[in-house]
$ cat query23.json   # JSON, C-alpha atoms (C1' of nucleotides)
[["chain", "number", "residue", "atom", "x", "y", "z"],
["B", 1, "MET", "CA", 9.57, -54.33, -6.98],
["B", 2, "SER", "CA", 12.47, -52.41, -8.48],
["B", 3, "GLY", "CA", 11.62, -49.78, -11.00],
["B", 4, "CYS", "CA", 15.13, -50.01, -12.31],
["B", 5, "GLY", "CA", 15.37, -48.20, -15.62],
["B", 6, "HIS", "CA", 17.35, -50.90, -17.32],
["B", 7, "GLU", "CA", 14.44, -53.29, -17.54],
["B", 8, "ALA", "CA", 15.58, -54.56, -20.90],
["B", 9, "GLU", "CA", 19.22, -55.12, -20.05],
["B", 10, "HIS", "CA", 18.97, -56.08, -16.39],
["B", 11, "GLU", "CA", 15.81, -58.10, -16.38],
["B", 12, "LEU", "CA", 17.45, -61.04, -18.11],
["B", 13, "ALA", "CA", 20.36, -61.03, -15.67],
["B", 14, "ALA", "CA", 17.96, -60.85, -12.75],
["B", 15, "LYS", "CA", 15.97, -63.77, -14.10],
["B", 16, "LEU", "CA", 19.11, -65.84, -14.70],
["B", 17, "ALA", "CA", 20.37, -64.96, -11.24],
["B", 18, "ARG", "CA", 17.22, -66.31, -9.64],
["B", 19, "GLU", "CA", 17.23, -69.43, -11.78],
["B", 20, "ASN", "CA", 20.88, -70.26, -11.29],
["B", 21, "MET", "CA", 21.10, -69.47, -7.60],
["B", 22, "PRO", "CA", 22.65, -72.48, -5.89],
["B", 23, "SER", "CA", 20.70, -74.12, -3.07],
["B", 24, "GLU", "CA", 21.02, -73.01, 0.53],
["B", 25, "GLU", "CA", 22.88, -76.23, 1.20],
["B", 26, "GLU", "CA", 25.48, -75.56, -1.50],
["B", 27, "VAL", "CA", 25.93, -71.93, -0.55],
["B", 28, "GLY", "CA", 26.36, -73.09, 3.02],
["B", 29, "ARG", "CA", 29.06, -75.60, 2.10],
["B", 30, "VAL", "CA", 31.02, -73.05, 0.11],
["B", 31, "GLY", "CA", 30.66, -70.46, 2.86],
["B", 32, "ALA", "CA", 31.81, -72.91, 5.50],
["B", 33, "LEU", "CA", 34.96, -73.68, 3.54],
["B", 34, "PHE", "CA", 35.84, -70.01, 3.16],
["B", 35, "LYS", "CA", 34.99, -69.34, 6.79],
["B", 36, "ALA", "CA", 37.37, -72.08, 7.88],
["B", 37, "ILE", "CA", 40.25, -70.51, 5.98],
["B", 38, "SER", "CA", 39.40, -66.89, 6.73],
["B", 39, "GLU", "CA", 40.83, -66.74, 10.23],
["B", 40, "PRO", "CA", 44.49, -65.59, 10.26],
["B", 41, "ALA", "CA", 45.40, -68.14, 12.94],
["B", 42, "ARG", "CA", 44.09, -70.96, 10.76],
["B", 43, "LEU", "CA", 45.61, -69.59, 7.59],
["B", 44, "LYS", "CA", 49.00, -69.62, 9.25],
["B", 45, "ILE", "CA", 48.54, -73.27, 10.13],
["B", 46, "LEU", "CA", 47.78, -74.06, 6.50],
["B", 47, "PHE", "CA", 50.79, -72.11, 5.31],
["B", 48, "ALA", "CA", 52.91, -74.08, 7.77],
["B", 49, "LEU", "CA", 51.51, -77.43, 6.65],
["B", 50, "ARG", "CA", 52.39, -76.67, 3.04],
["B", 51, "GLN", "CA", 55.93, -77.62, 4.07],
["B", 52, "GLY", "CA", 54.78, -81.09, 5.07],
["B", 53, "GLU", "CA", 53.46, -83.02, 8.03],
["B", 54, "LEU", "CA", 53.92, -81.36, 11.40],
["B", 55, "CYS", "CA", 53.06, -82.36, 14.94],
["B", 56, "VAL", "CA", 51.20, -79.94, 17.15],
["B", 57, "GLY", "CA", 54.27, -78.72, 18.99],
["B", 58, "HIS", "CA", 55.94, -77.74, 15.76],
["B", 59, "ILE", "CA", 52.80, -76.04, 14.53],
["B", 60, "VAL", "CA", 52.72, -74.00, 17.72],
["B", 61, "GLU", "CA", 56.34, -73.03, 17.11],
["B", 62, "ALA", "CA", 55.63, -72.09, 13.52],
["B", 63, "VAL", "CA", 52.52, -70.01, 14.02],
["B", 64, "GLY", "CA", 52.88, -68.71, 17.58],
["B", 65, "GLY", "CA", 50.08, -68.56, 20.10],
["B", 66, "ASN", "CA", 49.41, -71.07, 22.82],
["B", 67, "GLN", "CA", 48.86, -74.80, 22.63],
["B", 68, "SER", "CA", 45.18, -74.71, 23.47],
["B", 69, "ALA", "CA", 44.30, -72.11, 20.88],
["B", 70, "VAL", "CA", 46.18, -74.01, 18.17],
["B", 71, "SER", "CA", 44.47, -77.23, 19.17],
["B", 72, "HIS", "CA", 41.06, -75.61, 18.88],
["B", 73, "GLN", "CA", 41.92, -74.27, 15.43],
["B", 74, "LEU", "CA", 43.17, -77.68, 14.34],
["B", 75, "ARG", "CA", 39.90, -79.21, 15.43],
["B", 76, "ILE", "CA", 38.01, -76.74, 13.24],
["B", 77, "LEU", "CA", 40.26, -77.39, 10.24],
["B", 78, "LYS", "CA", 39.88, -81.12, 10.72],
["B", 79, "ALA", "CA", 36.09, -80.90, 11.05],
["B", 80, "ALA", "CA", 36.07, -78.97, 7.78],
["B", 81, "GLY", "CA", 38.02, -81.77, 6.10],
["B", 82, "ILE", "CA", 40.95, -79.50, 5.37],
["B", 83, "VAL", "CA", 43.59, -81.27, 7.44],
["B", 84, "LYS", "CA", 43.94, -84.80, 8.66],
["B", 85, "ALA", "CA", 45.52, -86.15, 11.83],
["B", 86, "ARG", "CA", 47.58, -89.23, 12.52],
["B", 87, "ARG", "CA", 48.71, -90.37, 15.93],
["B", 88, "ASP", "CA", 52.40, -91.05, 16.19],
["B", 89, "GLY", "CA", 53.30, -92.13, 19.69],
["B", 90, "GLN", "CA", 52.81, -89.25, 22.05],
["B", 91, "ASN", "CA", 52.39, -86.82, 19.20],
["B", 92, "ILE", "CA", 49.70, -86.18, 16.69],
["B", 93, "ALA", "CA", 50.94, -85.30, 13.25],
["B", 94, "TYR", "CA", 48.78, -83.08, 11.08],
["B", 95, "SER", "CA", 48.92, -82.71, 7.34],
["B", 96, "LEU", "CA", 46.82, -81.25, 4.55],
["B", 97, "ALA", "CA", 43.95, -83.56, 3.64],
["B", 98, "ASP", "CA", 44.53, -82.89, -0.06],
["B", 99, "GLY", "CA", 45.74, -80.24, -2.45],
["B", 100, "HIS", "CA", 42.36, -78.61, -3.02],
["B", 101, "VAL", "CA", 42.37, -75.99, -0.35],
["B", 102, "VAL", "CA", 45.97, -75.04, -0.96],
["B", 103, "ALA", "CA", 45.10, -74.55, -4.62],
["B", 104, "VAL", "CA", 42.31, -72.17, -3.62],
["B", 105, "LEU", "CA", 44.66, -70.42, -1.23],
["B", 106, "GLU", "CA", 47.36, -70.01, -3.83],
["B", 107, "LEU", "CA", 44.94, -68.71, -6.42],
["B", 108, "ALA", "CA", 43.69, -66.11, -3.96],
["B", 109, "CYS", "CA", 47.26, -65.13, -3.07],
["B", 110, "THR", "CA", 48.18, -64.76, -6.72],
["B", 111, "HIS", "CA", 45.28, -62.42, -7.25],
["B", 112, "LEU", "CA", 46.15, -60.41, -4.17],
["B", 113, "HIS", "CA", 49.75, -60.18, -5.38],
["B", 114, "CYS", "CA", 51.03, -61.96, -2.31],
["B", 115, "LYS", "CA", 54.39, -63.63, -2.80],
["B", 116, "ILE", "CA", 53.91, -66.84, -0.89],
["P", 1, "MET", "CA", 59.66, -77.15, 22.99],
["P", 2, "SER", "CA", 58.22, -80.20, 21.30],
["P", 3, "GLY", "CA", 59.90, -83.50, 21.97],
["P", 4, "CYS", "CA", 58.35, -84.81, 18.79],
["P", 5, "GLY", "CA", 60.00, -88.10, 17.90],
["P", 6, "HIS", "CA", 60.35, -87.29, 14.25],
["P", 7, "GLU", "CA", 63.11, -84.75, 14.80],
["P", 8, "ALA", "CA", 64.87, -85.79, 11.62],
["P", 9, "GLU", "CA", 61.85, -85.74, 9.34],
["P", 10, "HIS", "CA", 59.78, -82.96, 10.88],
["P", 11, "GLU", "CA", 62.48, -80.55, 11.94],
["P", 12, "LEU", "CA", 63.16, -79.47, 8.39],
["P", 13, "ALA", "CA", 59.46, -78.87, 7.70],
["P", 14, "ALA", "CA", 59.15, -76.89, 10.94],
["P", 15, "LYS", "CA", 62.15, -74.77, 10.00],
["P", 16, "LEU", "CA", 60.82, -74.14, 6.51],
["P", 17, "ALA", "CA", 57.39, -73.33, 7.94],
["P", 18, "ARG", "CA", 58.85, -70.64, 10.17],
["P", 19, "GLU", "CA", 61.03, -69.22, 7.39],
["P", 20, "ASN", "CA", 58.31, -69.13, 4.76],
["P", 21, "MET", "CA", 55.48, -67.88, 6.97],
["P", 22, "PRO", "CA", 53.95, -64.87, 5.23],
["P", 23, "SER", "CA", 53.81, -61.59, 7.10],
["P", 24, "GLU", "CA", 50.92, -60.66, 9.37],
["P", 25, "GLU", "CA", 49.91, -58.13, 6.77],
["P", 26, "GLU", "CA", 49.73, -60.70, 3.98],
["P", 27, "VAL", "CA", 47.94, -63.27, 6.09],
["P", 28, "GLY", "CA", 45.51, -60.51, 7.06],
["P", 29, "ARG", "CA", 44.82, -59.58, 3.45],
["P", 30, "VAL", "CA", 44.15, -63.17, 2.44],
["P", 31, "GLY", "CA", 41.98, -63.75, 5.49],
["P", 32, "ALA", "CA", 39.97, -60.62, 4.80],
["P", 33, "LEU", "CA", 39.22, -61.78, 1.27],
["P", 34, "PHE", "CA", 37.99, -65.17, 2.42],
["P", 35, "LYS", "CA", 36.01, -63.60, 5.24],
["P", 36, "ALA", "CA", 34.25, -61.32, 2.78],
["P", 37, "ILE", "CA", 33.12, -64.29, 0.69],
["P", 38, "SER", "CA", 32.37, -66.65, 3.55],
["P", 39, "GLU", "CA", 28.99, -65.25, 4.52],
["P", 40, "PRO", "CA", 26.13, -67.02, 2.69],
["P", 41, "ALA", "CA", 24.28, -63.76, 2.13],
["P", 42, "ARG", "CA", 27.31, -62.29, 0.39],
["P", 43, "LEU", "CA", 28.06, -65.45, -1.56],
["P", 44, "LYS", "CA", 24.55, -65.32, -2.99],
["P", 45, "ILE", "CA", 25.14, -61.77, -4.14],
["P", 46, "LEU", "CA", 28.30, -62.87, -5.95],
["P", 47, "PHE", "CA", 26.50, -65.80, -7.56],
["P", 48, "ALA", "CA", 23.83, -63.38, -8.73],
["P", 49, "LEU", "CA", 26.35, -60.91, -10.14],
["P", 50, "ARG", "CA", 27.97, -63.63, -12.22],
["P", 51, "GLN", "CA", 25.00, -63.15, -14.55],
["P", 52, "GLY", "CA", 25.93, -59.53, -15.10],
["P", 53, "GLU", "CA", 25.35, -56.08, -13.68],
["P", 54, "LEU", "CA", 22.37, -55.76, -11.35],
["P", 55, "CYS", "CA", 20.83, -52.86, -9.46],
["P", 56, "VAL", "CA", 20.12, -53.24, -5.78],
["P", 57, "GLY", "CA", 16.43, -53.96, -6.23],
["P", 58, "HIS", "CA", 17.19, -56.86, -8.51],
["P", 59, "ILE", "CA", 19.83, -58.18, -6.16],
["P", 60, "VAL", "CA", 17.28, -58.13, -3.36],
["P", 61, "GLU", "CA", 14.90, -60.09, -5.59],
["P", 62, "ALA", "CA", 17.59, -62.60, -6.49],
["P", 63, "VAL", "CA", 18.95, -63.30, -3.03],
["P", 64, "GLY", "CA", 16.02, -62.55, -0.75],
["P", 65, "GLY", "CA", 16.25, -60.68, 2.52],
["P", 66, "ASN", "CA", 15.52, -57.03, 3.06],
["P", 67, "GLN", "CA", 16.90, -53.98, 1.38],
["P", 68, "SER", "CA", 18.92, -52.76, 4.30],
["P", 69, "ALA", "CA", 20.67, -56.05, 4.90],
["P", 70, "VAL", "CA", 21.59, -56.36, 1.24],
["P", 71, "SER", "CA", 22.89, -52.82, 1.19],
["P", 72, "HIS", "CA", 25.13, -53.50, 4.18],
["P", 73, "GLN", "CA", 26.48, -56.63, 2.51],
["P", 74, "LEU", "CA", 27.13, -54.71, -0.70],
["P", 75, "ARG", "CA", 29.08, -52.12, 1.26],
["P", 76, "ILE", "CA", 31.29, -54.87, 2.68],
["P", 77, "LEU", "CA", 31.87, -56.44, -0.73],
["P", 78, "LYS", "CA", 32.68, -53.06, -2.19],
["P", 79, "ALA", "CA", 35.09, -52.19, 0.62],
["P", 80, "ALA", "CA", 36.85, -55.49, -0.06],
["P", 81, "GLY", "CA", 37.24, -54.53, -3.71],
["P", 82, "ILE", "CA", 35.13, -57.45, -4.86],
["P", 83, "VAL", "CA", 32.29, -55.52, -6.45],
["P", 84, "LYS", "CA", 32.05, -52.08, -7.94],
["P", 85, "ALA", "CA", 29.14, -49.67, -8.05],
["P", 86, "ARG", "CA", 27.95, -47.27, -10.69],
["P", 87, "ARG", "CA", 25.16, -44.79, -10.26],
["P", 88, "ASP", "CA", 22.54, -44.95, -12.95],
["P", 89, "GLY", "CA", 19.82, -42.41, -12.29],
["P", 90, "GLN", "CA", 17.91, -43.40, -9.20],
["P", 91, "ASN", "CA", 19.52, -46.79, -9.12],
["P", 92, "ILE", "CA", 22.94, -48.04, -8.30],
["P", 93, "ALA", "CA", 24.17, -50.87, -10.46],
["P", 94, "TYR", "CA", 26.62, -53.32, -8.98],
["P", 95, "SER", "CA", 28.95, -55.63, -10.83],
["P", 96, "LEU", "CA", 31.95, -57.83, -10.12],
["P", 97, "ALA", "CA", 35.12, -55.75, -9.90],
["P", 98, "ASP", "CA", 37.04, -58.38, -11.87],
["P", 99, "GLY", "CA", 37.15, -62.10, -12.52],
["P", 100, "HIS", "CA", 39.55, -62.93, -9.71],
["P", 101, "VAL", "CA", 37.14, -63.66, -6.93],
["P", 102, "VAL", "CA", 34.79, -65.60, -9.16],
["P", 103, "ALA", "CA", 37.74, -67.74, -10.22],
["P", 104, "VAL", "CA", 38.48, -68.50, -6.57],
["P", 105, "LEU", "CA", 34.80, -69.20, -5.98],
["P", 106, "GLU", "CA", 34.55, -71.55, -8.92],
["P", 107, "LEU", "CA", 37.69, -73.42, -7.97],
["P", 108, "ALA", "CA", 36.31, -73.94, -4.48],
["P", 109, "CYS", "CA", 32.98, -75.09, -5.88],
["P", 110, "THR", "CA", 34.67, -77.55, -8.20],
["P", 111, "HIS", "CA", 36.53, -79.07, -5.30],
["P", 112, "LEU", "CA", 33.37, -79.28, -3.22],
["P", 113, "HIS", "CA", 31.60, -80.92, -6.16],
["P", 114, "CYS", "CA", 29.05, -78.15, -6.35],
["P", 115, "LYS", "CA", 27.42, -77.83, -9.74],
["P", 116, "ILE", "CA", 27.24, -74.09, -10.14],
["G", 1, "DT", "C1'", 51.87, -98.36, 38.56],
["G", 2, "DC", "C1'", 53.54, -93.65, 38.64],
["G", 3, "DA", "C1'", 55.43, -89.52, 36.63],
["G", 4, "DA", "C1'", 56.09, -86.91, 32.60],
["G", 5, "DT", "C1'", 54.86, -85.28, 28.07],
["G", 6, "DA", "C1'", 51.73, -84.16, 24.11],
["G", 7, "DT", "C1'", 47.38, -83.07, 22.90],
["G", 8, "DA", "C1'", 42.39, -82.29, 23.47],
["G", 9, "DT", "C1'", 38.34, -80.36, 25.49],
["G", 10, "DG", "C1'", 34.57, -77.91, 28.34],
["G", 11, "DA", "C1'", 33.18, -73.76, 30.14],
["G", 12, "DA", "C1'", 33.58, -68.88, 30.62],
["G", 13, "DT", "C1'", 34.56, -64.72, 28.68],
["G", 14, "DA", "C1'", 35.83, -61.61, 25.22],
["G", 15, "DA", "C1'", 35.69, -60.05, 20.61],
["G", 16, "DG", "C1'", 33.79, -59.70, 16.27],
["G", 17, "DT", "C1'", 29.91, -59.70, 12.98],
["G", 18, "DA", "C1'", 25.28, -59.65, 11.10],
["G", 19, "DT", "C1'", 20.58, -57.99, 11.22],
["G", 20, "DT", "C1'", 17.10, -54.87, 12.12],
["G", 21, "DC", "C1'", 14.87, -50.50, 12.58],
["G", 22, "DA", "C1'", 14.51, -45.93, 11.83],
["G", 23, "DT", "C1'", 16.04, -42.39, 9.19],
["G", 24, "DA", "C1'", 19.03, -39.93, 5.89],
["G", 25, "DT", "C1'", 20.65, -38.97, 1.18],
["G", 26, "DG", "C1'", 20.28, -38.31, -3.53],
["G", 27, "DA", "C1'", 17.79, -38.50, -7.98],
["G", 28, "DT", "C1'", 13.72, -37.91, -10.71],
["G", 29, "DA", "C1'", 9.29, -36.35, -12.12],
["G", 30, "DA", "C1'", 5.29, -33.65, -11.37],
["A", 1, "DT", "C1'", 9.88, -27.22, -4.72],
["A", 2, "DT", "C1'", 7.55, -31.07, -3.23],
["A", 3, "DA", "C1'", 6.54, -35.94, -3.45],
["A", 4, "DT", "C1'", 8.34, -40.27, -4.50],
["A", 5, "DC", "C1'", 11.49, -43.85, -5.29],
["A", 6, "DA", "C1'", 16.07, -46.27, -4.75],
["A", 7, "DT", "C1'", 19.68, -46.78, -1.88],
["A", 8, "DA", "C1'", 22.69, -45.91, 2.16],
["A", 9, "DT", "C1'", 23.77, -45.45, 6.93],
["A", 10, "DG", "C1'", 24.01, -45.14, 12.24],
["A", 11, "DA", "C1'", 22.82, -47.25, 16.31],
["A", 12, "DA", "C1'", 21.02, -51.03, 18.90],
["A", 13, "DT", "C1'", 20.58, -55.72, 19.44],
["A", 14, "DA", "C1'", 21.30, -60.42, 18.62],
["A", 15, "DC", "C1'", 24.43, -63.90, 17.12],
["A", 16, "DT", "C1'", 28.57, -66.21, 16.17],
["A", 17, "DT", "C1'", 33.24, -67.10, 16.87],
["A", 18, "DA", "C1'", 37.75, -66.96, 19.09],
["A", 19, "DT", "C1'", 40.60, -67.14, 23.20],
["A", 20, "DT", "C1'", 41.77, -68.36, 27.69],
["A", 21, "DC", "C1'", 42.05, -71.19, 31.72],
["A", 22, "DA", "C1'", 41.77, -75.27, 33.99],
["A", 23, "DT", "C1'", 41.64, -79.90, 33.47],
["A", 24, "DA", "C1'", 41.12, -84.36, 31.06],
["A", 25, "DT", "C1'", 42.95, -88.06, 28.07],
["A", 26, "DA", "C1'", 46.34, -90.85, 25.96],
["A", 27, "DT", "C1'", 51.04, -92.41, 25.40],
["A", 28, "DT", "C1'", 55.62, -93.46, 26.92],
["A", 29, "DG", "C1'", 59.39, -94.62, 29.97],
["A", 30, "DA", "C1'", 60.97, -95.59, 34.63]]

$ encode --input "query23.json" --output "structure tokens"
Amino acid sequence: MSGCGHEAEHELAAKLARENMPSEEEVGRVGALFKAISEPARLKILFALRQGELCVGHIVEAVGGNQSAVSHQLRILKAAGIVKARRDGQNIAYSLADGHVVAVLELACTHLHCKI
Amino acid sequence: MSGCGHEAEHELAAKLARENMPSEEEVGRVGALFKAISEPARLKILFALRQGELCVGHIVEAVGGNQSAVSHQLRILKAAGIVKARRDGQNIAYSLADGHVVAVLELACTHLHCKI
DNA sequence: TCAATATATGAATAAGTATTCATATGATAA
DNA sequence: TTATCATATGAATACTTATTCATATATTGA
């Protein structure tokens, strides 16, 4: 298929690449996680929640935008297992489901030389 | 704005969240990185390149799809600084620009319990 | 029970993104 | 220089995703 001149050197890598390619299902899971945290509006919510549990009103204050948009984003983050919700009277308090995603976020920021 | 009952406990977090919110520019940079690696087709290319440098033909073999689609994805990855290209005769060999993104990828996979 | 507040949600639209097709570019070999 | 091969690219289309608006639900206090 590819008459690439580096048969010797590249052929092994190509073979390994085919053999070690994760399944569609795994690639999909990884992609879905990154997609969930790729939208600036959602990233801001995660940055906000690093400070601790916040109810929706406070999240809206912290990240800007309107209530409905924030609520939709929260639903997506919750569906992705990134945040969890807890009812507290009239309010619903959101918090990070665990430290995993923040660890990924902070590693990415370090590499991008972001001071967060 | 929010008559959240946890004034005492949440107000501090809300204040910190506003104060420590990264700039639009930083949030945008982080989001762009995650967006680049959120598409399954591009993720597969990165998984393939973990094995070493590959020319386009071999990448097409490894990830499937047609030549044009792969080329467009490579352009996006290159624009994001994730892969680099080197002409080698008729071929163009692609490789990972550095270990940063793969580190992020592997951390995410670990947390998702993917065996890659 | 009624009014007020916080949050969620469905539907419509707008915006963004990927994929495909046809074709262009650039390198090599004849 | 012409034919061929590998790769890139522009434009069109198809798809996905976000945002907005209006309204629904759930909780609390009067």

$ calpha_fit_and_write --input "query23.json" --fixed "chain B" --moving "chain P" --output "CSV table (one decimal) with C-alpha atoms, keeping the file's coordinate frame"
chain,number,residue,atom,x,y,z
P,1,MET,CA,9.6,-54.4,-6.9
P,2,SER,CA,12.5,-52.5,-8.5
P,3,GLY,CA,11.6,-49.8,-11.0
P,4,CYS,CA,15.1,-50.0,-12.3
P,5,GLY,CA,15.3,-48.2,-15.6
P,6,HIS,CA,17.3,-50.9,-17.3
P,7,GLU,CA,14.4,-53.3,-17.5
P,8,ALA,CA,15.5,-54.6,-20.9
P,9,GLU,CA,19.2,-55.1,-20.1
P,10,HIS,CA,19.0,-56.1,-16.4
P,11,GLU,CA,15.8,-58.1,-16.4
P,12,LEU,CA,17.4,-61.0,-18.1
P,13,ALA,CA,20.4,-61.0,-15.7
P,14,ALA,CA,18.0,-60.9,-12.7
P,15,LYS,CA,16.0,-63.8,-14.1
P,16,LEU,CA,19.1,-65.8,-14.7
P,17,ALA,CA,20.4,-64.9,-11.2
P,18,ARG,CA,17.2,-66.3,-9.6
P,19,GLU,CA,17.2,-69.4,-11.8
P,20,ASN,CA,20.9,-70.3,-11.3
P,21,MET,CA,21.1,-69.5,-7.6
P,22,PRO,CA,22.7,-72.5,-5.9
P,23,SER,CA,20.7,-74.1,-3.1
P,24,GLU,CA,21.0,-73.0,0.5
P,25,GLU,CA,22.9,-76.2,1.2
P,26,GLU,CA,25.5,-75.6,-1.5
P,27,VAL,CA,25.9,-71.9,-0.6
P,28,GLY,CA,26.4,-73.1,3.0
P,29,ARG,CA,29.1,-75.6,2.1
P,30,VAL,CA,31.0,-73.1,0.1
P,31,GLY,CA,30.7,-70.5,2.9
P,32,ALA,CA,31.8,-72.9,5.5
P,33,LEU,CA,35.0,-73.7,3.5
P,34,PHE,CA,35.9,-70.0,3.2
P,35,LYS,CA,35.0,-69.3,6.8
P,36,ALA,CA,37.4,-72.1,7.9
P,37,ILE,CA,40.3,-70.5,6.0
P,38,SER,CA,39.4,-66.9,6.7
P,39,GLU,CA,40.8,-66.7,10.2
P,40,PRO,CA,44.5,-65.6,10.3
P,41,ALA,CA,45.4,-68.1,12.9
P,42,ARG,CA,44.1,-71.0,10.8
P,43,LEU,CA,45.6,-69.6,7.6
P,44,LYS,CA,49.0,-69.6,9.3
P,45,ILE,CA,48.5,-73.3,10.1
P,46,LEU,CA,47.8,-74.1,6.5
P,47,PHE,CA,50.8,-72.1,5.3
P,48,ALA,CA,52.9,-74.1,7.8
P,49,LEU,CA,51.5,-77.4,6.6
P,50,ARG,CA,52.4,-76.7,3.0
P,51,GLN,CA,55.9,-77.6,4.1
P,52,GLY,CA,54.8,-81.1,5.1
P,53,GLU,CA,53.4,-83.0,8.0
P,54,LEU,CA,53.9,-81.3,11.4
P,55,CYS,CA,53.1,-82.4,15.0
P,56,VAL,CA,51.2,-79.9,17.2
P,57,GLY,CA,54.3,-78.7,19.0
P,58,HIS,CA,55.9,-77.7,15.8
P,59,ILE,CA,52.8,-76.0,14.5
P,60,VAL,CA,52.7,-74.0,17.7
P,61,GLU,CA,56.3,-73.0,17.1
P,62,ALA,CA,55.6,-72.1,13.5
P,63,VAL,CA,52.5,-70.0,14.0
P,64,GLY,CA,52.9,-68.7,17.6
P,65,GLY,CA,50.1,-68.6,20.1
P,66,ASN,CA,49.4,-71.1,22.8
P,67,GLN,CA,48.9,-74.8,22.7
P,68,SER,CA,45.2,-74.7,23.5
P,69,ALA,CA,44.3,-72.1,20.9
P,70,VAL,CA,46.2,-74.0,18.2
P,71,SER,CA,44.5,-77.2,19.2
P,72,HIS,CA,41.1,-75.6,18.9
P,73,GLN,CA,41.9,-74.3,15.4
P,74,LEU,CA,43.2,-77.7,14.3
P,75,ARG,CA,39.9,-79.2,15.4
P,76,ILE,CA,38.0,-76.7,13.2
P,77,LEU,CA,40.3,-77.4,10.2
P,78,LYS,CA,39.9,-81.1,10.7
P,79,ALA,CA,36.1,-80.9,11.0
P,80,ALA,CA,36.1,-79.0,7.8
P,81,GLY,CA,38.0,-81.8,6.1
P,82,ILE,CA,41.0,-79.5,5.4
P,83,VAL,CA,43.6,-81.3,7.5
P,84,LYS,CA,43.9,-84.8,8.7
P,85,ALA,CA,45.5,-86.1,11.8
P,86,ARG,CA,47.6,-89.2,12.5
P,87,ARG,CA,48.7,-90.4,15.9
P,88,ASP,CA,52.4,-91.1,16.2
P,89,GLY,CA,53.2,-92.1,19.7
P,90,GLN,CA,52.8,-89.3,22.0
P,91,ASN,CA,52.4,-86.8,19.2
P,92,ILE,CA,49.7,-86.2,16.7
P,93,ALA,CA,50.9,-85.3,13.3
P,94,TYR,CA,48.8,-83.1,11.1
P,95,SER,CA,48.9,-82.7,7.3
P,96,LEU,CA,46.8,-81.2,4.5
P,97,ALA,CA,43.9,-83.5,3.6
P,98,ASP,CA,44.5,-82.9,-0.1
P,99,GLY,CA,45.7,-80.2,-2.4
P,100,HIS,CA,42.4,-78.6,-3.0
P,101,VAL,CA,42.4,-76.0,-0.3
P,102,VAL,CA,46.0,-75.0,-1.0
P,103,ALA,CA,45.1,-74.5,-4.6
P,104,VAL,CA,42.3,-72.2,-3.6
P,105,LEU,CA,44.7,-70.4,-1.2
P,106,GLU,CA,47.4,-70.0,-3.8
P,107,LEU,CA,44.9,-68.7,-6.4
P,108,ALA,CA,43.7,-66.1,-4.0
P,109,CYS,CA,47.3,-65.1,-3.1
P,110,THR,CA,48.2,-64.8,-6.7
P,111,HIS,CA,45.3,-62.4,-7.2
P,112,LEU,CA,46.2,-60.4,-4.2
P,113,HIS,CA,49.8,-60.2,-5.4
P,114,CYS,CA,51.1,-62.0,-2.3
P,115,LYS,CA,54.4,-63.7,-2.8
P,116,ILE,CA,53.9,-66.9,-0.9

$ atom_distance --input "query23.json" --atom1 "CA of Ala108 in chain B" --atom2 "CA of Val30 in chain P"
7.1 Å

$ interface_residues --input "query23.json" --of "chain P" --to "chain G" --cutoff "10 Å" --atoms "only C-alpha atoms (C1' of nucleotides)" --output "NGL selection string"
:P and (2-4 or 39 or 41 or 66 or 68-69 or 72-73 or 87-91)

$ closest_residue --input "query23.json" --among "P:Ala85, P:Ile76, P:Cys114, P:Ala97" --to "Ile37 in chain P" --atoms "all atoms listed in the file"
P:Ile76

$ closest_atom_pairs --input "query23.json" --of "chain A" --to "chain B" --cutoff "8 Å" --atoms "only C-alpha atoms (C1' of nucleotides)" --output "Markdown table"
| residue | atom | partner | partner_atom | distance |
| --- | --- | --- | --- | --- |
| A:DT19 | C1' | B:Ala69 | CA | 6.6 |
| A:DA26 | C1' | B:Gln90 | CA | 7.7 |
| A:DT27 | C1' | B:Gln90 | CA | 4.9 |
| A:DT28 | C1' | B:Gln90 | CA | 7.0 |

$ interface_residues --input "query23.json" --of "chain P" --to "chain B" --cutoff "8 Å" --atoms "only C-alpha atoms" --output "number ranges by chain"
P: 1-5, 10, 13-18, 20-22, 26-35, 37-40, 43-44, 47-55, 57-59, 61-63, 90-91, 100-101, 104, 107-109, 111-112, 114, 116

$ atom_distance --input "query23.json" --atom1 "CA of Ala80 in chain B" --atom2 "CA of Val102 in chain P"
21.6 Å

$ atom_distance --input "query23.json" --atom1 "CA of Gln67 in chain B" --atom2 "C1' of DA30 in chain A"
26.9 Å

$ axis_aligned_box --input "query23.json" --around "range 72-87 of chain B" --padding-each-side "6 Å" --output "JSON"
{"center_x": 42.4, "center_y": -82.3, "center_z": 12.1, "size_x": 24.6, "size_y": 28.1, "size_z": 25.5}

$ build_atoms --input "query23.json" --residues "range 94-98 of chain B" --atoms "N, CA and C atoms" --output "PDB file, in the frame of the given file"
ATOM      1  N   TYR B  94      49.807 -83.612  11.974  1.00  0.00           N
ATOM      2  CA  TYR B  94      48.780 -83.080  11.080  1.00  0.00           C
ATOM      3  C   TYR B  94      49.363 -82.843   9.705  1.00  0.00           C
ATOM      4  N   SER B  95      48.498 -83.010   8.713  1.00  0.00           N
ATOM      5  CA  SER B  95      48.920 -82.710   7.340  1.00  0.00           C
ATOM      6  C   SER B  95      47.691 -82.263   6.553  1.00  0.00           C
ATOM      7  N   LEU B  96      47.923 -81.701   5.393  1.00  0.00           N
ATOM      8  CA  LEU B  96      46.820 -81.250   4.550  1.00  0.00           C
ATOM      9  C   LEU B  96      46.072 -82.465   4.023  1.00  0.00           C
ATOM     10  N   ALA B  97      44.754 -82.415   4.073  1.00  0.00           N
ATOM     11  CA  ALA B  97      43.950 -83.560   3.640  1.00  0.00           C
ATOM     12  C   ALA B  97      44.122 -83.814   2.152  1.00  0.00           C
ATOM     13  N   ASP B  98      44.261 -82.761   1.377  1.00  0.00           N
ATOM     14  CA  ASP B  98      44.530 -82.890  -0.060  1.00  0.00           C
ATOM     15  C   ASP B  98      44.975 -81.549  -0.588  1.00  0.00           C
TER      16      ASP B  98
END
